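Enquirer: First the structure, which I've put down as structure tokens, then a few questions once you've had a look.
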Amino acid sequence: METPGDRLRQARIRARIPSAAEAARRHHWTYTTYISHENGQTQVPRDAAIEYARAFKTTPEWIMFAVGKIDDLGFDRMLVDQPEDMIDRARRMIELLLGKDSQQP
């Protein structure tokens, strides 16, 4: 059965990043945290899935739950190349529209 860690590894490889260490270095992530997510030692938290998805050009839903396809960016496709604050505002608006409190884990 495929896990979030398996999908995270697939997304990294698809992004042409050869190793977990290189992904951590390139994106300024703590290596031990990232590798523990990729190898399945610890669960991938929602905030980390969002960050990983943005870095690897996929969706957090695909990383966490295998919803959609690895390359189906959906709404995020419209936000490509937008400033980080614009992406955050758009996500908050969607959460409000869907009735989700963005402050909840």
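A note on labels: chains of the structure tokens are A, B, ... as shown, every chain counts residues from 1, and ligands are counted from 1 in their shown order.
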To test your reading of the structure, identify every residue in chain A that backbone DSSP assigns to helix (DSSP H, G or I), and report it as a PyMOL selection string.
Expert: chain A and resi 4-14+20-27+31-38+46-56+60-65+74-79+84-97
Enquirer: Can you tell me, as a PyMOL selection string, what residues are no more than 10 Å from Arg7 of chain A when counting only C-alpha atoms, ignoring any on the same chain fewer than 2 positions away?
Expert: chain A and resi 2-5+9-13+38+62-66+70
Enquirer: Those residues you just picked out, can you put them in a file as a CSV table (one decimal), in the first residue's frame with C-alpha atoms?
Expert:
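And here is the file that came out, selection_24.csv:
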chain,number,residue,atom,x,y,z
A,2,GLU,CA,1.3,3.4,-1.0
A,3,THR,CA,1.9,5.8,1.9
A,4,PRO,CA,2.3,9.6,2.1
A,5,GLY,CA,6.1,9.0,2.4
A,9,ARG,CA,9.5,10.4,-2.6
A,10,GLN,CA,7.7,10.1,-6.0
A,11,ALA,CA,7.1,13.8,-6.1
A,12,ARG,CA,10.7,14.6,-5.2
A,13,ILE,CA,12.0,12.3,-7.9
A,38,GLU,CA,9.8,10.6,3.3
A,62,TRP,CA,-2.1,14.0,-3.4
A,63,ILE,CA,0.9,13.7,-1.0
A,64,MET,CA,-1.3,13.0,2.0
A,65,PHE,CA,-4.3,11.1,0.6
A,66,ALA,CA,-3.5,10.1,-3.0
A,70,ILE,CA,0.6,13.8,-9.0
Enquirer: May I ask for the distance between atom CA of Arg54 of chain A and atom CA of Leu96 of chain A, given in Å to one decimal place?
Expert: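 Pair atom CA of Arg54 of chain A / atom CA of Leu96 of chain A returns 20.7 Å.
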Enquirer: Go through A:Ala53, A:Ile87, A:Leu8, A:Ile17 one by one, measure the shortest atom-to-atom distance of each to Tyr34 of chain A using only C-alpha atoms, and give the residue with the smallest value.
Expert: A:Leu8
Enquirer: What is the atom CA of Arg14 of chain A-atom CA of Pro60 of chain A distance in Å, reported with one decimal?
Expert: 15.1 Å
